[in-house]
>>> print(open('model.cif').read())   # mmCIF, C-alpha atoms (C1' of nucleotides)
data_final
loop_
_atom_site.label_atom_id
_atom_site.label_comp_id
_atom_site.auth_asym_id
_atom_site.auth_seq_id
_atom_site.Cartn_x
_atom_site.Cartn_y
_atom_site.Cartn_z
CA MET A 191 122.70 119.93 140.25
CA MET A 192 120.70 117.75 137.90
CA SER A 193 118.48 119.11 135.18
CA LYS A 194 114.78 119.34 135.73
CA HIS A 195 114.35 116.94 132.85
CA ALA A 196 116.87 114.33 133.89
CA LYS A 197 114.54 111.42 133.31
CA GLU A 198 113.60 112.36 129.78
CA MET A 199 117.17 113.31 129.01
CA GLY A 200 118.06 109.78 130.05
CA VAL A 201 115.45 108.31 127.75
CA LEU A 202 116.85 110.33 124.89
CA LYS A 203 120.45 109.34 125.63
CA GLU A 204 119.50 105.69 125.81
CA HIS A 205 117.79 105.93 122.44
CA LEU A 206 120.79 107.73 120.96
CA GLY A 207 123.15 105.09 122.31
CA LYS A 208 121.13 102.26 120.87
CA HIS A 209 121.13 103.79 117.41
CA GLN A 210 124.66 105.16 117.14
CA LEU A 211 123.42 108.70 117.31
CA LYS A 212 125.12 111.57 119.06
CA PHE A 213 124.16 113.81 121.91
CA THR A 214 124.39 117.37 120.65
CA ARG A 215 123.92 120.83 122.05
CA GLN A 216 120.91 121.30 119.74
CA ARG A 217 119.19 118.11 120.83
CA GLU A 218 119.59 119.05 124.46
CA LEU A 219 118.33 122.56 123.85
CA ILE A 220 115.31 121.40 121.88
CA LEU A 221 114.40 118.71 124.39
CA ASP A 222 114.54 121.18 127.26
CA ALA A 223 112.26 123.55 125.42
CA PHE A 224 109.94 120.78 124.26
CA LEU A 225 109.39 119.37 127.74
CA LYS A 226 108.09 122.69 128.99
CA GLN A 227 105.21 122.46 126.52
CA GLU A 228 102.14 120.32 126.40
CA HIS A 229 102.29 120.33 122.60
CA ILE A 230 103.91 122.52 120.00
CA THR A 231 104.51 122.83 116.26
CA ALA A 232 107.97 122.86 114.72
CA GLU A 233 107.41 126.36 113.45
CA ALA A 234 106.40 127.66 116.88
CA MET A 235 109.45 126.07 118.47
CA TYR A 236 111.63 127.58 115.77
CA HIS A 237 110.51 131.07 116.66
CA GLN A 238 110.62 130.40 120.36
CA LEU A 239 114.22 129.21 120.23
CA ALA A 240 115.37 131.90 117.83
CA ARG A 241 116.27 134.10 120.79
CA LYS A 242 118.43 131.49 122.49
CA ASP A 243 120.14 130.40 119.30
CA PRO A 244 119.47 132.48 116.18
CA HIS A 245 121.30 129.99 114.00
CA LEU A 246 119.23 126.97 114.91
CA GLY A 247 117.72 125.73 111.66
CA LEU A 248 114.12 124.77 111.07
CA ALA A 249 115.21 121.47 109.54
CA THR A 250 116.99 120.62 112.76
CA ILE A 251 113.83 121.27 114.73
CA TYR A 252 111.85 118.93 112.50
CA ARG A 253 114.54 116.27 112.57
CA THR A 254 114.82 116.47 116.32
CA LEU A 255 111.10 116.41 117.03
CA ASN A 256 110.79 113.36 114.79
CA LEU A 257 113.67 111.83 116.70
CA PHE A 258 111.76 112.42 119.94
CA CYS A 259 108.82 110.55 118.42
CA GLU A 260 111.05 107.58 117.67
CA ALA A 261 112.40 107.71 121.20
CA GLY A 262 108.85 107.72 122.57
CA LEU A 263 109.11 111.17 124.11
CA ALA A 264 106.80 112.85 121.64
CA GLN A 265 103.84 111.95 119.52
CA ALA A 266 103.00 113.59 116.22
CA ARG A 267 99.43 114.59 115.56
CA HIS A 268 98.21 116.06 112.30
CA PHE A 269 95.97 118.94 113.18
CA GLY A 270 94.54 121.07 110.42
CA THR A 271 97.39 121.65 108.01
CA GLN A 272 100.17 121.44 110.60
CA THR A 273 101.72 118.77 112.74
CA GLN A 274 101.47 119.07 116.50
CA TYR A 275 104.13 117.35 118.54
CA ASP A 276 102.59 116.22 121.82
CA ASN A 277 104.66 115.91 124.96
CA VAL A 278 104.05 112.33 126.02
CA SER A 279 105.31 112.87 129.58
CA HIS A 280 102.68 115.54 130.13
CA LYS A 281 99.88 113.56 128.63
CA GLY A 282 100.62 110.30 130.32
CA HIS A 283 98.01 107.74 129.41
CA HIS A 284 95.22 110.22 129.19
CA ASP A 285 92.70 110.31 126.41
CA HIS A 286 90.65 113.34 125.46
CA LEU A 287 87.05 114.47 125.27
CA ILE A 288 86.99 117.48 122.99
CA CYS A 289 84.04 119.86 122.70
CA THR A 290 83.49 120.87 119.09
CA GLY A 291 81.53 123.87 120.29
CA CYS A 292 83.88 125.66 122.65
CA GLY A 293 87.08 123.64 122.32
CA LYS A 294 87.08 122.53 125.92
CA ILE A 295 89.25 119.47 126.54
CA VAL A 296 88.56 116.97 129.31
CA GLU A 297 91.13 114.29 130.04
CA PHE A 298 90.09 110.82 131.04
CA GLU A 299 91.48 107.38 131.55
CA ASN A 300 89.57 104.15 131.26
CA CYS A 301 91.15 100.81 132.08
CA ASP A 302 88.37 98.82 130.44
CA ILE A 303 88.88 100.57 127.15
CA GLU A 304 92.63 100.02 127.37
CA ARG A 305 92.11 96.34 128.05
CA LEU A 306 89.82 96.00 125.03
CA GLN A 307 92.40 97.78 122.92
CA GLU A 308 94.99 95.20 123.91
CA GLU A 309 92.55 92.48 122.98
CA VAL A 310 91.89 93.91 119.54
CA ALA A 311 95.60 94.36 118.96
CA SER A 312 96.63 90.86 119.93
CA ARG A 313 93.79 89.39 117.90
CA ASN A 314 95.42 91.07 114.91
CA GLY A 315 98.96 90.10 115.84
CA PHE A 316 99.91 93.60 116.96
CA THR A 317 101.87 94.72 120.01
CA ILE A 318 100.71 98.18 121.08
CA GLN A 319 103.35 100.83 121.69
CA THR A 320 101.04 103.79 122.11
CA HIS A 321 97.57 104.92 121.20
CA ARG A 322 95.42 107.93 120.64
CA LEU A 323 91.76 108.21 121.55
CA GLU A 324 89.83 111.39 121.02
CA LEU A 325 86.08 111.74 121.48
CA TYR A 326 84.57 114.74 119.73
CA GLY A 327 81.19 116.10 120.73
CA LEU A 328 79.31 118.80 122.57
CA CYS A 329 79.73 119.53 126.27
CA SER A 330 76.64 120.12 128.39
CA ARG A 331 76.85 123.88 128.07
CA CYS A 332 77.27 123.91 124.28
CA ARG A 333 74.42 121.48 123.73
CA HIS A 334 71.92 124.17 124.74
CA MET B 287 65.77 103.06 86.46
CA MET B 288 66.97 104.79 89.58
CA SER B 289 70.58 105.00 90.56
CA LYS B 290 71.94 102.80 93.27
CA HIS B 291 72.77 105.96 95.21
CA ALA B 292 69.44 107.73 94.83
CA LYS B 293 69.23 108.69 98.49
CA GLU B 294 72.65 110.30 98.67
CA MET B 295 72.15 111.91 95.28
CA GLY B 296 69.02 113.45 96.79
CA VAL B 297 70.96 114.77 99.76
CA LEU B 298 73.45 116.34 97.39
CA LYS B 299 70.77 117.92 95.21
CA GLU B 300 69.03 119.35 98.22
CA HIS B 301 72.28 120.90 99.42
CA LEU B 302 72.99 122.29 95.97
CA GLY B 303 69.51 123.78 95.78
CA LYS B 304 69.85 125.48 99.13
CA HIS B 305 73.11 127.11 98.18
CA GLN B 306 72.53 128.15 94.57
CA LEU B 307 74.94 125.55 93.30
CA LYS B 308 74.57 123.49 90.17
CA PHE B 309 74.24 119.82 89.54
CA THR B 310 77.01 118.84 87.14
CA ARG B 311 78.18 115.74 85.37
CA GLN B 312 81.40 115.84 87.42
CA ARG B 313 79.62 116.04 90.75
CA GLU B 314 77.44 113.11 89.85
CA LEU B 315 80.40 111.08 88.64
CA ILE B 316 82.46 111.80 91.74
CA LEU B 317 79.61 111.07 94.14
CA ASP B 318 78.95 107.73 92.46
CA ALA B 319 82.58 106.76 92.77
CA PHE B 320 82.87 108.08 96.31
CA LEU B 321 79.90 106.12 97.62
CA LYS B 322 81.48 102.87 96.55
CA GLN B 323 84.38 103.51 98.91
CA GLU B 324 84.66 103.39 102.65
CA HIS B 325 87.18 106.21 102.55
CA ILE B 326 89.50 107.61 99.93
CA THR B 327 91.99 110.37 99.27
CA ALA B 328 91.54 112.97 96.56
CA GLU B 329 94.64 111.72 94.81
CA ALA B 330 93.43 108.11 94.77
CA MET B 331 90.07 109.16 93.39
CA TYR B 332 91.82 111.22 90.73
CA HIS B 333 93.67 108.18 89.44
CA GLN B 334 90.66 105.96 89.76
CA LEU B 335 88.48 108.27 87.69
CA ALA B 336 91.16 109.03 85.12
CA ARG B 337 89.92 106.11 83.05
CA LYS B 338 86.32 107.26 82.99
CA ASP B 339 87.16 110.88 82.35
CA PRO B 340 90.80 111.71 81.56
CA HIS B 341 90.12 115.42 81.69
CA LEU B 342 88.69 115.50 85.19
CA GLY B 343 90.94 117.84 87.17
CA LEU B 344 92.41 117.22 90.59
CA ALA B 345 91.15 120.59 91.78
CA THR B 346 87.63 119.53 90.92
CA ILE B 347 88.04 116.37 93.00
CA TYR B 348 89.16 118.38 95.99
CA ARG B 349 86.42 120.94 95.53
CA THR B 350 83.80 118.27 95.21
CA LEU B 351 84.93 116.16 98.16
CA ASN B 352 84.93 119.29 100.30
CA LEU B 353 81.46 120.00 99.01
CA PHE B 354 80.37 116.52 100.12
CA CYS B 355 81.70 117.35 103.60
CA GLU B 356 79.54 120.46 103.71
CA ALA B 357 76.57 118.45 102.56
CA GLY B 358 77.19 115.91 105.32
CA LEU B 359 77.93 113.05 102.96
CA ALA B 360 81.64 112.90 103.73
CA GLN B 361 83.92 113.63 106.61
CA ALA B 362 87.51 114.80 106.23
CA ARG B 363 90.13 113.28 108.44
CA HIS B 364 93.84 114.06 108.50
CA PHE B 365 95.57 110.75 108.41
CA GLY B 366 99.31 110.59 108.09
CA THR B 367 100.24 113.36 105.70
CA GLN B 368 97.10 113.17 103.59
CA THR B 369 93.43 113.87 104.02
CA GLN B 370 91.09 110.92 104.01
CA TYR B 371 87.50 111.54 103.01
CA ASP B 372 85.30 109.11 104.90
CA ASN B 373 82.01 107.90 103.51
CA VAL B 374 79.51 108.80 106.21
CA SER B 375 76.80 106.51 104.83
CA HIS B 376 78.89 103.50 105.78
CA LYS B 377 77.50 103.02 109.24
CA GLY B 378 80.23 101.40 111.27
CA HIS B 379 82.92 103.74 112.46
CA HIS B 380 86.25 102.23 111.68
CA ASP B 381 89.21 102.55 113.98
CA HIS B 382 92.77 101.79 113.03
CA LEU B 383 95.68 99.62 114.05
CA ILE B 384 98.82 101.15 112.61
CA CYS B 385 102.19 99.41 112.39
CA THR B 386 104.99 101.81 113.25
CA GLY B 387 107.41 99.49 111.48
CA CYS B 388 105.98 99.08 108.00
CA GLY B 389 103.03 101.43 108.03
CA LYS B 390 100.46 98.71 107.55
CA ILE B 391 96.95 99.75 108.56
CA VAL B 392 94.32 97.33 109.83
CA GLU B 393 90.77 98.55 110.32
CA PHE B 394 88.64 97.31 113.15
CA GLU B 395 85.39 97.97 114.87
CA ASN B 396 84.59 97.15 118.46
CA CYS B 397 81.15 97.66 119.92
CA ASP B 398 82.31 97.24 123.49
CA ILE B 399 84.84 100.04 123.13
CA GLU B 400 82.22 102.26 121.55
CA ARG B 401 79.81 101.56 124.38
CA LEU B 402 82.45 102.44 126.96
CA GLN B 403 83.19 105.63 125.08
CA GLU B 404 79.56 106.63 125.34
CA GLU B 405 79.69 105.92 129.05
CA VAL B 406 82.74 108.08 129.59
CA ALA B 407 81.19 110.87 127.55
CA SER B 408 77.87 110.94 129.33
CA ARG B 409 79.60 110.78 132.70
CA ASN B 410 81.28 114.04 131.68
CA GLY B 411 78.15 115.60 130.23
CA PHE B 412 79.26 115.18 126.63
CA THR B 413 77.31 114.02 123.59
CA ILE B 414 79.64 112.30 121.14
CA GLN B 415 79.48 113.35 117.51
CA THR B 416 82.48 111.44 116.27
CA HIS B 417 85.67 109.91 117.54
CA ARG B 418 89.10 108.82 116.54
CA LEU B 419 90.93 105.79 117.89
CA GLU B 420 94.33 104.79 116.62
CA LEU B 421 96.48 102.05 118.10
CA TYR B 422 100.16 102.28 117.20
CA GLY B 423 102.44 99.28 117.49
CA LEU B 424 104.29 96.55 115.67
CA CYS B 425 102.60 93.96 113.49
CA SER B 426 103.64 90.34 113.81
CA ARG B 427 106.07 90.54 110.92
CA CYS B 428 107.82 93.69 112.10
CA ARG B 429 108.20 92.41 115.65
CA HIS B 430 110.75 89.83 114.46
"C1'" DT C 157 64.11 127.44 71.69
"C1'" DA C 158 67.40 131.26 71.99
"C1'" DT C 159 69.48 134.31 75.06
"C1'" DT C 160 71.40 135.77 79.24
"C1'" DT C 161 73.25 135.10 83.71
"C1'" DT C 162 75.62 132.52 86.95
"C1'" DT C 163 78.34 128.80 88.38
"C1'" DT C 164 81.76 125.33 87.38
"C1'" DT C 165 85.57 123.43 85.28
"C1'" DG C 166 90.45 122.33 83.95
"C1'" DA C 167 95.17 123.47 83.80
"C1'" DG C 168 98.58 125.30 85.91
"C1'" DA C 169 100.32 128.66 89.33
"C1'" DT C 170 100.69 129.43 94.10
"C1'" DG C 171 101.16 128.86 99.08
"C1'" DG C 172 102.37 126.47 103.18
"C1'" DT C 173 104.46 122.57 105.51
"C1'" DT C 174 107.85 119.00 105.73
"C1'" DT C 175 111.78 116.47 103.96
"C1'" DA C 176 116.15 115.93 101.16
"C1'" DT C 177 120.74 117.54 99.90
"C1'" DC C 178 125.42 118.49 100.95
"C1'" DA C 179 129.58 120.99 102.42
"C1'" DA C 180 131.18 122.43 106.80
"C1'" DT C 181 131.11 121.48 111.62
"C1'" DT C 182 130.77 118.80 115.77
"C1'" DT C 183 130.88 114.64 118.49
"C1'" DC C 184 133.18 110.82 120.49
"C1'" DA C 185 136.11 106.97 120.88
"C1'" DA C 186 140.72 105.50 120.36
"C1'" DT D 291 144.75 114.98 119.58
"C1'" DT D 292 143.22 112.72 115.77
"C1'" DG D 293 140.02 110.77 112.58
"C1'" DA D 294 135.81 108.34 111.39
"C1'" DA D 295 131.07 109.03 111.67
"C1'" DA D 296 127.09 111.71 112.61
"C1'" DT D 297 124.93 116.34 112.69
"C1'" DT D 298 124.06 120.83 111.39
"C1'" DG D 299 122.32 124.96 108.77
"C1'" DA D 300 120.86 126.90 104.54
"C1'" DT D 301 118.30 126.15 100.93
"C1'" DA D 302 116.32 123.38 97.29
"C1'" DA D 303 112.92 120.16 96.41
"C1'" DA D 304 108.76 117.48 97.29
"C1'" DC D 305 104.30 117.37 98.62
"C1'" DC D 306 99.44 118.36 99.39
"C1'" DA D 307 95.80 121.39 98.93
"C1'" DT D 308 93.97 125.69 97.36
"C1'" DC D 309 93.68 129.67 94.24
"C1'" DT D 310 93.33 131.92 89.64
"C1'" DC D 311 91.00 132.78 85.51
"C1'" DA D 312 89.51 132.13 80.77
"C1'" DA D 313 86.54 128.89 78.63
"C1'" DA D 314 82.67 125.77 79.14
"C1'" DA D 315 78.42 124.22 81.10
"C1'" DA D 316 74.15 124.72 83.62
"C1'" DA D 317 70.11 127.12 85.07
"C1'" DA D 318 67.11 131.06 84.51
"C1'" DT D 319 64.77 134.05 81.53
"C1'" DA D 320 62.59 135.59 77.52
#
>>> encode(input="model.cif", output="structure tokens")
Amino acid sequence: MMSKHAKEMGVLKEHLGKHQLKFTRQRELILDAFLKQEHITAEAMYHQLARKDPHLGLATIYRTLNLFCEAGLAQARHFGTQTQYDNVSHKGHHDHLICTGCGKIVEFENCDIERLQEEVASRNGFTIQTHRLELYGLCSRCRH
Amino acid sequence: MMSKHAKEMGVLKEHLGKHQLKFTRQRELILDAFLKQEHITAEAMYHQLARKDPHLGLATIYRTLNLFCEAGLAQARHFGTQTQYDNVSHKGHHDHLICTGCGKIVEFENCDIERLQEEVASRNGFTIQTHRLELYGLCSRCRH
DNA sequence: TATTTTTTTGAGATGGTTTATCAATTTCAA
DNA sequence: TTGAAATTGATAAACCATCTCAAAAAAATA
């Protein structure tokens, strides 16, 4: 039977192949764990995986999560003092409205905004690979 | 003659007064330098001010920029691995195009995108305080 | 103005996160 | 199975930001 994460595993393997990198037990383990999360820090993943493999090093977690970023499976986001690694397959193309009062997060998608982003990019000679849009404010309940 | 930054200096003094803090030569010097920038890191300001005052400490820069944030004159933003202190008095909010190849950063501003953001927010009952838009991709040079 | 009190400063130590180093191990193609 | 090449784990190092504390400066008081 195929893994639950066959598609992402394929993306990873393709990236590895293109860059003369190797498919290892650790990379498989970390990807499996990563895909179950919406976002996670390296430290949190380190502790979470300590049970499955007590010898898995923190450096390997960092290296691997950064590898996932290069492969387009993850996206790093600096949050406070730590780095959050977002699961791109969960997030899809969704942007976020974040309430600074209660922390509520509302996802949205807006084609017009995306189109304008493309316009801005091409006007500057850029080809967009990914983007991040976060709107911070107060939700209706917190405004009162 | 009045300083070029009389208004912001007033905001600072008011904040200091309200919190039993003192108006010092260093705070004045740092505010003057800060207001000339659109955004800056503590480290960059440290080097920039080293000529004017070689004994000005890095800790003081950090303390003072954080103070400006509390006073509403600056806004801290985690960008890459460092913290950028944005000058709030510069009206236009600047978004960023970031090259994943060479790290080049191009600032832009787009009224249409901002208007659409407001629309999305109000449709969801939110009032926007601030936002963050980053487009990641390859610049023309890195694409080849 | 002189004195006292309170806050700030500078220099370096410290703390927390991420990356670099390198010998030993693992992968993978021949 | 063998050997070249990449990866790993442990830890050192780098890095950014904050903390510490004696000395200095600023405001309050006399």
>>> calpha_fit_rmsd(input="model.cif", fixed="chain B", moving="chain A")
3.0 Å
>>> interface_residues(input="model.cif", of="chain D", to="chain B", cutoff="10 Å", atoms="all atoms listed in the file", output="PDB file with C-alpha atoms (C1' of nucleotides), in the coordinates of the input")
ATOM      1  C1'  DC D 305     104.300 117.370  98.620  1.00  0.00           C
ATOM      2  C1'  DC D 306      99.440 118.360  99.390  1.00  0.00           C
ATOM      3  C1'  DA D 307      95.800 121.390  98.930  1.00  0.00           C
ATOM      4  C1'  DT D 308      93.970 125.690  97.360  1.00  0.00           C
ATOM      5  C1'  DC D 309      93.680 129.670  94.240  1.00  0.00           C
ATOM      6  C1'  DA D 315      78.420 124.220  81.100  1.00  0.00           C
ATOM      7  C1'  DA D 316      74.150 124.720  83.620  1.00  0.00           C
ATOM      8  C1'  DA D 317      70.110 127.120  85.070  1.00  0.00           C
TER       9       DA D 317
END
>>> atom_distance(input="model.cif", atom1="CA of Asn373 in chain B", atom2="CA of Phe320 in chain B")
7.3 Å
>>> residues_around(input="model.cif", residues="range 317-324 of chain A", least_positions_apart="6", cutoff="8 Å", atoms="only C-alpha atoms (C1' of nucleotides)", output="VMD selection string")
(chain A and resid 285 to 288 308 311) or (chain B and resid 417 to 426)
>>> atom_distance(input="model.cif", atom1="C1' of DT165 in chain C", atom2="CA of His341 in chain B")
9.9 Å
>>> interface_residues(input="model.cif", of="chain C", to="chain B", cutoff="9 Å", atoms="all atoms listed in the file", output="JSON, numbers by chain")
{"C": [163, 164, 165, 166, 167]}
>>> atom_distance(input="model.cif", atom1="CA of Glu300 in chain B", atom2="C1' of DA318 in chain D")
18.1 Å
>>> resolve_selection(input="model.cif", expression="the PyMOL selection byres ((chain B and resi 388) around 10)", output="count of residues only")
11
>>> closest_residue(input="model.cif", among="A:Ala196, A:Leu206, A:Ala223, A:Cys259", to="chain B", atoms="all atoms listed in the file")
A:Cys259
